[in-house]
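Undergrad: For reference, this is upload11.cif, and it has mmCIF, C-alpha atoms.
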```cif
data_input
#
loop_
_atom_site.label_atom_id
_atom_site.label_comp_id
_atom_site.auth_asym_id
_atom_site.auth_seq_id
_atom_site.Cartn_x
_atom_site.Cartn_y
_atom_site.Cartn_z
CA MET P 23 5.83 33.58 -23.79
CA GLY P 24 4.25 36.96 -23.09
CA ARG P 25 0.67 36.10 -24.04
CA TRP P 26 -1.90 34.70 -21.65
CA GLN P 27 -2.14 30.89 -21.68
CA PRO P 28 -5.54 29.34 -21.11
CA ASP P 29 -5.18 26.32 -18.78
CA ALA P 30 -1.42 25.88 -19.12
CA ARG P 31 -1.64 23.38 -16.28
CA GLY P 32 -4.13 21.16 -18.09
CA ARG P 33 -2.13 21.30 -21.32
CA LEU P 34 1.03 20.28 -19.48
CA GLN P 35 -0.77 17.35 -17.85
CA LEU P 36 -2.14 16.07 -21.14
CA ALA P 37 1.21 16.51 -22.88
CA ALA P 38 3.01 14.67 -20.06
CA LEU P 39 0.56 11.77 -20.07
CA GLU P 40 0.82 11.43 -23.86
CA LEU P 41 4.60 11.33 -23.70
CA TYR P 42 4.69 8.93 -20.73
CA LEU P 43 2.49 6.55 -22.71
CA GLU P 44 4.40 6.99 -25.98
CA HIS P 45 7.98 6.84 -24.74
CA GLY P 46 7.77 5.68 -21.15
CA TYR P 47 7.78 7.71 -17.95
CA GLU P 48 11.50 7.35 -17.24
CA GLN P 49 12.50 8.36 -20.77
CA THR P 50 10.42 11.54 -20.89
CA THR P 51 12.03 14.88 -19.94
CA VAL P 52 10.39 18.05 -18.65
CA SER P 53 11.78 19.82 -21.71
CA GLU P 54 9.86 17.44 -23.98
CA ILE P 55 6.65 17.88 -21.97
CA ALA P 56 6.88 21.66 -22.18
CA ALA P 57 7.60 21.53 -25.93
CA ARG P 58 4.65 19.20 -26.58
CA ALA P 59 2.37 21.59 -24.66
CA GLY P 60 3.78 24.58 -26.57
CA LEU P 61 5.08 26.08 -23.33
CA THR P 62 8.44 26.73 -21.69
CA GLU P 63 10.16 24.60 -19.06
CA ARG P 64 9.86 27.61 -16.81
CA THR P 65 6.09 27.46 -17.10
CA PHE P 66 6.20 23.74 -16.32
CA PHE P 67 8.07 24.44 -13.08
CA ARG P 68 5.60 27.16 -12.14
CA HIS P 69 2.96 24.41 -11.99
CA PHE P 70 4.81 21.23 -10.99
CA ALA P 71 7.88 20.49 -8.90
CA ASP P 72 8.91 17.61 -11.18
CA LYS P 73 7.52 15.17 -13.71
CA ARG P 74 6.15 12.86 -11.02
CA GLU P 75 4.00 15.67 -9.62
CA VAL P 76 2.06 15.75 -12.89
CA ILE P 77 0.78 12.26 -12.07
CA PHE P 78 0.07 12.97 -8.40
CA ASP P 79 -1.42 16.40 -8.85
CA GLY P 80 -4.49 16.87 -6.66
CA GLN P 81 -3.33 14.38 -4.03
CA ASP P 82 -4.14 16.71 -1.13
CA GLU P 83 -7.59 17.41 -2.58
CA PHE P 84 -8.10 13.66 -3.02
CA ARG P 85 -7.44 13.04 0.67
CA ALA P 86 -9.43 16.11 1.76
CA MET P 87 -12.42 14.93 -0.28
CA PHE P 88 -12.58 11.68 1.74
CA VAL P 89 -11.95 13.38 5.06
CA SER P 90 -14.64 16.04 4.61
CA ALA P 91 -17.19 13.50 3.38
CA VAL P 92 -16.62 11.38 6.49
CA ALA P 93 -16.83 14.48 8.70
CA GLU P 94 -20.03 15.68 7.04
CA ALA P 95 -21.91 12.35 7.16
CA PRO P 96 -25.12 12.53 9.24
CA ASP P 97 -24.61 12.19 12.99
CA ASP P 98 -26.49 8.90 13.06
CA ALA P 99 -24.48 7.32 10.23
CA THR P 100 -22.51 4.24 11.25
CA PRO P 101 -18.73 4.36 10.61
CA LEU P 102 -19.21 2.18 7.56
CA GLN P 103 -22.01 4.41 6.26
CA ALA P 104 -19.79 7.48 6.67
CA VAL P 105 -17.00 5.81 4.69
CA ALA P 106 -19.49 4.56 2.08
CA ALA P 107 -20.69 8.16 1.64
CA ALA P 108 -17.09 9.25 1.11
CA LEU P 109 -16.56 6.50 -1.49
CA HIS P 110 -19.67 7.57 -3.39
CA GLY P 111 -18.53 11.18 -3.23
CA ALA P 112 -15.16 10.18 -4.66
CA ALA P 113 -16.85 8.17 -7.42
CA ALA P 114 -18.93 11.20 -8.44
CA GLN P 115 -15.79 13.35 -8.61
CA PHE P 116 -13.90 10.78 -10.65
CA GLU P 117 -16.71 9.88 -13.06
CA PRO P 118 -16.27 12.72 -15.61
CA ARG P 119 -12.49 12.19 -15.64
CA ARG P 120 -12.49 8.52 -16.65
CA PRO P 121 -10.37 9.02 -19.82
CA TRP P 122 -7.70 10.79 -17.77
CA SER P 123 -7.86 8.19 -14.98
CA LEU P 124 -7.54 5.37 -17.50
CA GLN P 125 -4.45 6.80 -19.17
CA ARG P 126 -2.92 7.80 -15.86
CA GLN P 127 -3.41 4.25 -14.58
CA ARG P 128 -1.57 2.86 -17.63
CA VAL P 129 1.40 5.07 -16.84
CA VAL P 130 1.37 4.10 -13.17
CA ALA P 131 1.00 0.38 -13.93
CA ALA P 132 4.06 0.51 -16.20
CA ASN P 133 6.31 2.06 -13.56
CA PRO P 134 7.12 0.43 -10.19
CA SER P 135 8.22 3.68 -8.55
CA LEU P 136 4.88 5.29 -9.45
CA GLN P 137 3.03 2.23 -8.14
CA GLU P 138 4.85 2.61 -4.81
CA ARG P 139 3.89 6.26 -4.64
CA GLU P 140 0.28 5.34 -5.44
CA LEU P 141 0.19 2.82 -2.59
CA ILE P 142 1.66 5.40 -0.20
CA LYS P 143 -1.04 7.83 -1.30
CA LEU P 144 -3.87 5.35 -0.63
CA SER P 145 -2.29 4.40 2.68
CA GLY P 146 -2.19 8.07 3.65
CA VAL P 147 -5.86 8.44 2.78
CA ALA P 148 -6.71 5.41 4.95
CA THR P 149 -4.83 7.01 7.86
CA ALA P 150 -6.68 10.31 7.32
CA ILE P 151 -10.07 8.55 7.14
CA ALA P 152 -9.32 6.73 10.41
CA ALA P 153 -8.54 10.10 12.05
CA ALA P 154 -11.78 11.58 10.64
CA LEU P 155 -13.73 8.64 12.09
CA ARG P 156 -12.07 9.09 15.49
CA ASP P 157 -13.14 12.75 15.32
CA ARG P 158 -16.70 11.44 15.00
CA GLY P 159 -16.19 9.52 18.24
CA VAL P 160 -15.41 6.13 16.66
CA GLY P 161 -12.92 4.17 18.76
CA GLU P 162 -9.97 2.04 17.74
CA PRO P 163 -9.48 -0.48 16.23
CA THR P 164 -12.85 0.18 14.54
CA ALA P 165 -11.76 3.46 12.95
CA SER P 166 -8.60 2.01 11.38
CA LEU P 167 -10.27 -1.24 10.33
CA ILE P 168 -13.16 0.52 8.58
CA ALA P 169 -10.78 3.01 6.95
CA GLN P 170 -8.60 0.17 5.62
CA ALA P 171 -11.62 -1.77 4.39
CA GLY P 172 -12.93 1.38 2.71
CA MET P 173 -9.68 2.00 0.84
CA GLY P 174 -9.60 -1.69 -0.11
CA VAL P 175 -13.03 -1.23 -1.68
CA PHE P 176 -11.83 1.92 -3.45
CA HIS P 177 -8.75 0.12 -4.79
CA VAL P 178 -10.69 -2.86 -6.19
CA ALA P 179 -13.62 -0.79 -7.47
CA PHE P 180 -11.30 1.72 -9.15
CA ALA P 181 -9.52 -1.05 -11.06
CA ARG P 182 -12.87 -2.38 -12.29
CA TRP P 183 -14.13 1.09 -13.22
CA ILE P 184 -11.13 1.86 -15.44
CA ALA P 185 -11.01 -1.62 -17.01
CA ASP P 186 -11.09 -1.32 -20.81
CA ASP P 187 -14.39 -3.13 -21.18
CA ASN P 188 -16.21 -1.38 -18.33
CA THR P 189 -19.30 0.63 -19.18
CA ARG P 190 -20.79 0.98 -15.67
CA PRO P 191 -20.53 4.16 -13.59
CA PHE P 192 -18.01 4.17 -10.74
CA SER P 193 -20.74 4.68 -8.09
CA GLU P 194 -22.53 1.52 -9.23
CA ILE P 195 -19.29 -0.47 -8.87
CA ILE P 196 -18.69 1.03 -5.42
CA ALA P 197 -22.21 0.05 -4.33
CA GLU P 198 -21.75 -3.47 -5.69
CA SER P 199 -18.37 -3.83 -3.96
CA LEU P 200 -19.76 -2.72 -0.60
CA ALA P 201 -22.67 -5.15 -1.02
CA VAL P 202 -20.32 -8.01 -1.87
CA LEU P 203 -18.15 -7.32 1.17
CA ASN P 204 -21.26 -7.01 3.33
CA GLY P 205 -22.46 -10.37 2.05
CA ALA P 206 -19.08 -11.95 2.79
CA PHE P 207 -19.17 -10.75 6.39
CA THR P 208 -22.73 -11.77 7.08
CA LEU P 209 -22.35 -15.28 5.66
CA MET Q 278 36.86 -16.74 7.65
CA GLY Q 279 37.71 -20.41 7.16
CA ARG Q 280 35.89 -21.81 10.19
CA TRP Q 281 32.22 -22.84 10.12
CA GLN Q 282 29.80 -20.14 11.30
CA PRO Q 283 26.70 -21.23 13.15
CA ASP Q 284 23.74 -19.18 11.85
CA ALA Q 285 25.76 -16.47 10.14
CA ARG Q 286 22.50 -15.32 8.55
CA GLY Q 287 20.82 -14.73 11.90
CA ARG Q 288 23.86 -12.93 13.28
CA LEU Q 289 23.96 -10.64 10.27
CA GLN Q 290 20.26 -9.84 10.67
CA LEU Q 291 20.60 -8.97 14.34
CA ALA Q 292 23.72 -6.90 13.72
CA ALA Q 293 22.00 -5.01 10.89
CA LEU Q 294 18.90 -4.27 12.94
CA GLU Q 295 21.02 -3.02 15.86
CA LEU Q 296 22.97 -0.70 13.60
CA TYR Q 297 19.87 0.54 11.74
CA LEU Q 298 18.34 1.47 15.09
CA GLU Q 299 21.54 3.01 16.48
CA HIS Q 300 22.74 5.01 13.49
CA GLY Q 301 19.84 4.99 11.04
CA TYR Q 302 19.25 2.73 8.05
CA GLU Q 303 20.68 5.12 5.45
CA GLN Q 304 23.87 5.72 7.44
CA THR Q 305 24.70 2.05 8.00
CA THR Q 306 27.06 0.27 5.59
CA VAL Q 307 27.33 -3.42 4.78
CA SER Q 308 30.92 -3.27 6.01
CA GLU Q 309 29.72 -2.12 9.44
CA ILE Q 310 27.06 -4.84 9.57
CA ALA Q 311 29.60 -7.55 8.76
CA ALA Q 312 32.06 -6.19 11.34
CA ARG Q 313 29.39 -6.07 14.07
CA ALA Q 314 28.47 -9.69 13.31
CA GLY Q 315 32.13 -10.70 13.32
CA LEU Q 316 31.91 -11.76 9.67
CA THR Q 317 33.23 -10.56 6.33
CA GLU Q 318 31.39 -8.46 3.74
CA ARG Q 319 31.74 -11.44 1.44
CA THR Q 320 29.74 -13.56 3.88
CA PHE Q 321 27.10 -10.82 4.02
CA PHE Q 322 26.71 -10.92 0.25
CA ARG Q 323 26.44 -14.71 0.30
CA HIS Q 324 23.24 -14.26 2.32
CA PHE Q 325 21.77 -10.92 1.20
CA ALA Q 326 21.82 -8.94 -2.05
CA ASP Q 327 21.96 -5.63 -0.18
CA LYS Q 328 21.16 -4.05 3.17
CA ARG Q 329 17.48 -3.71 2.32
CA GLU Q 330 17.18 -7.46 1.83
CA VAL Q 331 18.02 -7.99 5.51
CA ILE Q 332 14.74 -6.27 6.39
CA PHE Q 333 12.69 -8.04 3.73
CA ASP Q 334 14.18 -11.47 4.16
CA GLY Q 335 11.52 -14.17 4.08
CA GLN Q 336 9.16 -12.13 1.90
CA ASP Q 337 8.44 -15.04 -0.44
CA GLU Q 338 7.77 -17.34 2.51
CA PHE Q 339 5.48 -14.69 4.00
CA ARG Q 340 3.36 -14.62 0.84
CA ALA Q 341 3.49 -18.41 0.44
CA MET Q 342 2.26 -18.85 4.03
CA PHE Q 343 -0.94 -16.90 3.25
CA VAL Q 344 -1.45 -18.55 -0.11
CA SER Q 345 -1.09 -22.12 1.19
CA ALA Q 346 -3.33 -21.46 4.19
CA VAL Q 347 -6.07 -20.16 1.87
CA ALA Q 348 -5.59 -23.14 -0.45
CA GLU Q 349 -5.70 -25.63 2.43
CA ALA Q 350 -8.80 -24.24 4.14
CA PRO Q 351 -11.69 -26.77 4.28
CA ASP Q 352 -13.75 -27.04 1.10
CA ASP Q 353 -16.81 -25.68 2.85
CA ALA Q 354 -15.04 -22.62 4.28
CA THR Q 355 -16.39 -19.29 3.04
CA PRO Q 356 -13.85 -16.97 1.36
CA LEU Q 357 -13.69 -14.92 4.55
CA GLN Q 358 -13.16 -18.03 6.68
CA ALA Q 359 -10.31 -19.13 4.40
CA VAL Q 360 -8.63 -15.72 4.76
CA ALA Q 361 -9.28 -15.69 8.51
CA ALA Q 362 -7.54 -19.08 8.75
CA ALA Q 363 -4.56 -17.62 6.87
CA LEU Q 364 -4.43 -14.62 9.23
CA HIS Q 365 -4.44 -16.89 12.27
CA GLY Q 366 -1.72 -19.02 10.69
CA ALA Q 367 0.38 -15.90 10.13
CA ALA Q 368 -0.21 -14.77 13.71
CA ALA Q 369 1.05 -18.12 15.02
CA GLN Q 370 4.19 -17.84 12.89
CA PHE Q 371 4.86 -14.28 14.00
CA GLU Q 372 4.14 -14.77 17.72
CA PRO Q 373 7.55 -16.11 18.83
CA ARG Q 374 9.35 -13.43 16.81
CA ARG Q 375 7.72 -10.38 18.42
CA PRO Q 376 11.02 -8.80 19.60
CA TRP Q 377 12.40 -9.01 16.06
CA SER Q 378 9.15 -7.71 14.53
CA LEU Q 379 9.08 -4.81 16.96
CA GLN Q 380 12.61 -3.69 16.20
CA ARG Q 381 12.16 -4.26 12.50
CA GLN Q 382 9.03 -2.11 12.55
CA ARG Q 383 10.94 0.74 14.22
CA VAL Q 384 13.49 0.66 11.41
CA VAL Q 385 10.78 0.60 8.73
CA ALA Q 386 8.78 3.38 10.40
CA ALA Q 387 11.86 5.63 10.42
CA ASN Q 388 12.54 5.21 6.70
CA PRO Q 389 10.08 6.23 3.94
CA SER Q 390 11.73 4.03 1.28
CA LEU Q 391 11.34 0.98 3.54
CA GLN Q 392 7.71 1.92 4.24
CA GLU Q 393 7.06 2.00 0.50
CA ARG Q 394 8.62 -1.41 0.10
CA GLU Q 395 6.50 -2.71 2.98
CA LEU Q 396 3.31 -1.46 1.34
CA ILE Q 397 4.31 -3.06 -1.96
CA LYS Q 398 4.91 -6.31 -0.08
CA LEU Q 399 1.46 -6.29 1.55
CA SER Q 400 -0.14 -5.33 -1.75
CA GLY Q 401 1.59 -8.29 -3.40
CA VAL Q 402 0.26 -10.60 -0.68
CA ALA Q 403 -3.28 -9.28 -1.25
CA THR Q 404 -2.93 -10.00 -4.97
CA ALA Q 405 -1.67 -13.51 -4.21
CA ILE Q 406 -4.51 -14.19 -1.75
CA ALA Q 407 -7.05 -13.05 -4.35
CA ALA Q 408 -5.53 -15.52 -6.84
CA ALA Q 409 -5.64 -18.30 -4.21
CA LEU Q 410 -9.32 -17.54 -3.59
CA ARG Q 411 -10.07 -17.65 -7.33
CA ASP Q 412 -8.36 -21.06 -7.40
CA ARG Q 413 -10.95 -22.14 -4.82
CA GLY Q 414 -13.68 -21.06 -7.25
CA VAL Q 415 -14.38 -17.66 -5.68
CA GLY Q 416 -15.38 -15.12 -8.33
CA GLU Q 417 -14.44 -11.47 -8.76
CA PRO Q 418 -14.84 -8.94 -7.27
CA THR Q 419 -15.35 -11.09 -4.15
CA ALA Q 420 -11.85 -12.59 -4.24
CA SER Q 421 -10.07 -9.22 -4.48
CA LEU Q 422 -12.35 -7.51 -1.97
CA ILE Q 423 -11.90 -10.22 0.67
CA ALA Q 424 -8.16 -10.32 0.04
CA GLN Q 425 -7.88 -6.54 0.47
CA ALA Q 426 -10.03 -6.60 3.60
CA GLY Q 427 -7.90 -9.43 4.99
CA MET Q 428 -4.67 -7.53 4.46
CA GLY Q 429 -6.29 -4.45 5.98
CA VAL Q 430 -7.02 -6.53 9.08
CA PHE Q 431 -3.45 -7.82 9.09
CA HIS Q 432 -2.06 -4.29 8.79
CA VAL Q 433 -4.12 -2.87 11.66
CA ALA Q 434 -3.78 -5.95 13.90
CA PHE Q 435 -0.02 -6.10 13.33
CA ALA Q 436 0.40 -2.47 14.43
CA ARG Q 437 -1.56 -3.21 17.62
CA TRP Q 438 0.35 -6.40 18.31
CA ILE Q 439 3.75 -4.71 18.18
CA ALA Q 440 2.63 -1.63 20.12
CA ASP Q 441 4.94 -1.06 23.09
CA ASP Q 442 2.21 -1.57 25.67
CA ASN Q 443 0.62 -4.64 24.06
CA THR Q 444 0.61 -7.87 26.06
CA ARG Q 445 -2.02 -9.81 24.07
CA PRO Q 446 -1.15 -12.55 21.57
CA PHE Q 447 -1.37 -11.69 17.87
CA SER Q 448 -4.09 -14.28 17.23
CA GLU Q 449 -6.36 -12.69 19.85
CA ILE Q 450 -5.94 -9.30 18.16
CA ILE Q 451 -6.68 -10.85 14.76
CA ALA Q 452 -9.85 -12.46 16.13
CA GLU Q 453 -10.95 -9.19 17.72
CA SER Q 454 -10.27 -7.25 14.50
CA LEU Q 455 -12.29 -9.68 12.40
CA ALA Q 456 -15.13 -9.49 14.92
CA VAL Q 457 -15.06 -5.68 14.88
CA LEU Q 458 -15.19 -5.58 11.08
CA ASN Q 459 -17.93 -8.18 11.09
CA GLY Q 460 -19.91 -6.05 13.52
CA ALA Q 461 -19.43 -2.97 11.35
CA PHE Q 462 -20.79 -4.72 8.29
CA THR Q 463 -23.79 -6.25 9.99
CA LEU Q 464 -24.87 -3.01 11.67
#
```
Since I need it in another form, could you write the structure as structure tokens?
TA:
Amino acid sequence: MGRWQPDARGRLQLAALELYLEHGYEQTTVSEIAARAGLTERTFFRHFADKREVIFDGQDEFRAMFVSAVAEAPDDATPLQAVAAALHGAAAQFEPRRPWSLQRQRVVAANPSLQERELIKLSGVATAIAAALRDRGVGEPTASLIAQAGMGVFHVAFARWIADDNTRPFSEIIAESLAVLNGAFTL
Amino acid sequence: MGRWQPDARGRLQLAALELYLEHGYEQTTVSEIAARAGLTERTFFRHFADKREVIFDGQDEFRAMFVSAVAEAPDDATPLQAVAAALHGAAAQFEPRRPWSLQRQRVVAANPSLQERELIKLSGVATAIAAALRDRGVGEPTASLIAQAGMGVFHVAFARWIADDNTRPFSEIIAESLAVLNGAFTL
């Protein structure tokens, strides 16, 4: 290839997502992804270990984003407030990437093995949030229960945010979801 | 085998679990499971499609138990009360089977592909509970949020119940978990 490639990574991701949606995830090869992006397979493998990694790129940053938001919440924040702050932080990060998230979700929804991986990812984030809460001095089972509830809110709110007919910002849906859950518990 | 086998299914399950714990899930063959149970491979396949099914036997009943408990909750029960009733029903069903649950959990914890399947199972139950709540007239996102929170409680409470040093009944741990979450939301 010789010449410098601006954002080869981003081009590979878009090409992969296009092909996964057009032909199906299983049917798409790395060779096809590279060709669609106008790059070589070798370049693909410089950025991603395999075609699944394209979908789960940024997983570590995703978890770290929640963990650091929980850690950085004010000292007097309740465990739920710390997790709520992390959810709002995540919503702000996701907001500008809605078109990507929407297409990515279509690919995941069409493929059971990707759905499994997605659930593992969210479960791992819940575990990491629980650890971050314990680091703030929150005991068990509170830490794990709040972490699980928080990821449950993320899961439901995310699905609503990327629904075809949604026009509301992610943070608004997060706030509504937390309020609904709060109302359910105080009834 | 010719002669009638009392509870061949149960013997196969125990034999499988023993072998999975002794030699690892991946390393164990159906032939070994049948031999340990004193049965033929053919008998194994009359009861289970494959060795993974032994671990996830009763999955449909597990989901149905939650769904029917939610459906049968009193008309004036709040969504959370209906799910709490389902969790207590599940706890009562699980209680006498703690030794099995404990060993099963060890096998699942040692095998990532079984963990994925377990998460898919719990996710499917959450989806089914949400549908059962909607059938009671509960709107969205309340139905999905309560269902997710309920399965989060189940997940955390289950882990505590089968902890080596636990001596408390499952239902007590469920009640405590719901109270903790309630406290977190009303803070």
Undergrad: Within 10 Å of chain P, which residues of chain Q show up when using all atoms listed in the file, listed as a ChimeraX atom specification?
TA: /Q:355-358,389-390,392-397,400,403,417-434,437,450,453-464
Undergrad: Hey, can you check how far atom CA of Leu291 of chain Q sits from atom CA of Asp442 of chain Q?
TA: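 Computing the Euclidean distance for atom CA of Leu291 of chain Q and atom CA of Asp442 of chain Q yields 22.8 Å.
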Undergrad: I'd like to know which of P:Glu117, P:Gln35, P:Val147, P:Ala153 is closest to Asp79 of chain P, using all atoms listed in the file.
TA: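 Closest candidate: P:Gln35.
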Undergrad: Can you tell me, as JSON, numbers by chain, what residues are no more than 8 Å from Leu109 of chain P when counting only C-alpha atoms, ignoring any on the same chain fewer than 2 positions away?
TA: {"P": [88, 105, 106, 107, 111, 112, 113, 172, 176, 196]}
Undergrad: Could you tell me how far atom CA of Gln370 of chain Q sits from atom CA of Met342 of chain Q, in Å to one decimal place?
TA: 9.1 Å
Undergrad: Mind giving me the straight-line distance from atom CA of Gly301 of chain Q to atom CA of Ala387 of chain Q in Å, one decimal?
TA: 8.0 Å
Undergrad: Which residue, P:Lys73, P:Arg190, P:Lys143, P:Arg158, has the smallest gap to Ser90 of chain P when you use only C-alpha atoms?
TA: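 The shortest atom-to-atom distance to Ser90 of chain P comes from P:Arg158.
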Undergrad: Quick one: which residues end up in the PyMOL selection byres ((chain Q and resi 293-298) around 12) for this structure, as a PyMOL selection string?
TA: chain Q and resi 286-292+299-315+321+325+327-333+376-388+391
Undergrad: Evaluating the PyMOL selection byres ((chain Q and resi 412) around 12) on the displayed file yields which residues, as a list in words?
TA: Val344, Ser345, Val347, Ala348, Glu349, Ala350, Asp352, Pro356, Ala405, Ile406, Ala407, Ala408, Ala409, Leu410, Arg411, Arg413, Gly414, Val415, Gly416, Glu417 and Ala420 of chain Q
Undergrad: Let me have the centre and edge lengths in Å, one decimal, of the box along x, y and z around every listed atom of segment 79-96 of chain P with 8 Å of margin on each side, as JSON.
TA:
```
{"center_x": -13.3, "center_y": 14.4, "center_z": 0.2, "size_x": 39.7, "size_y": 22.0, "size_z": 34.1}
```
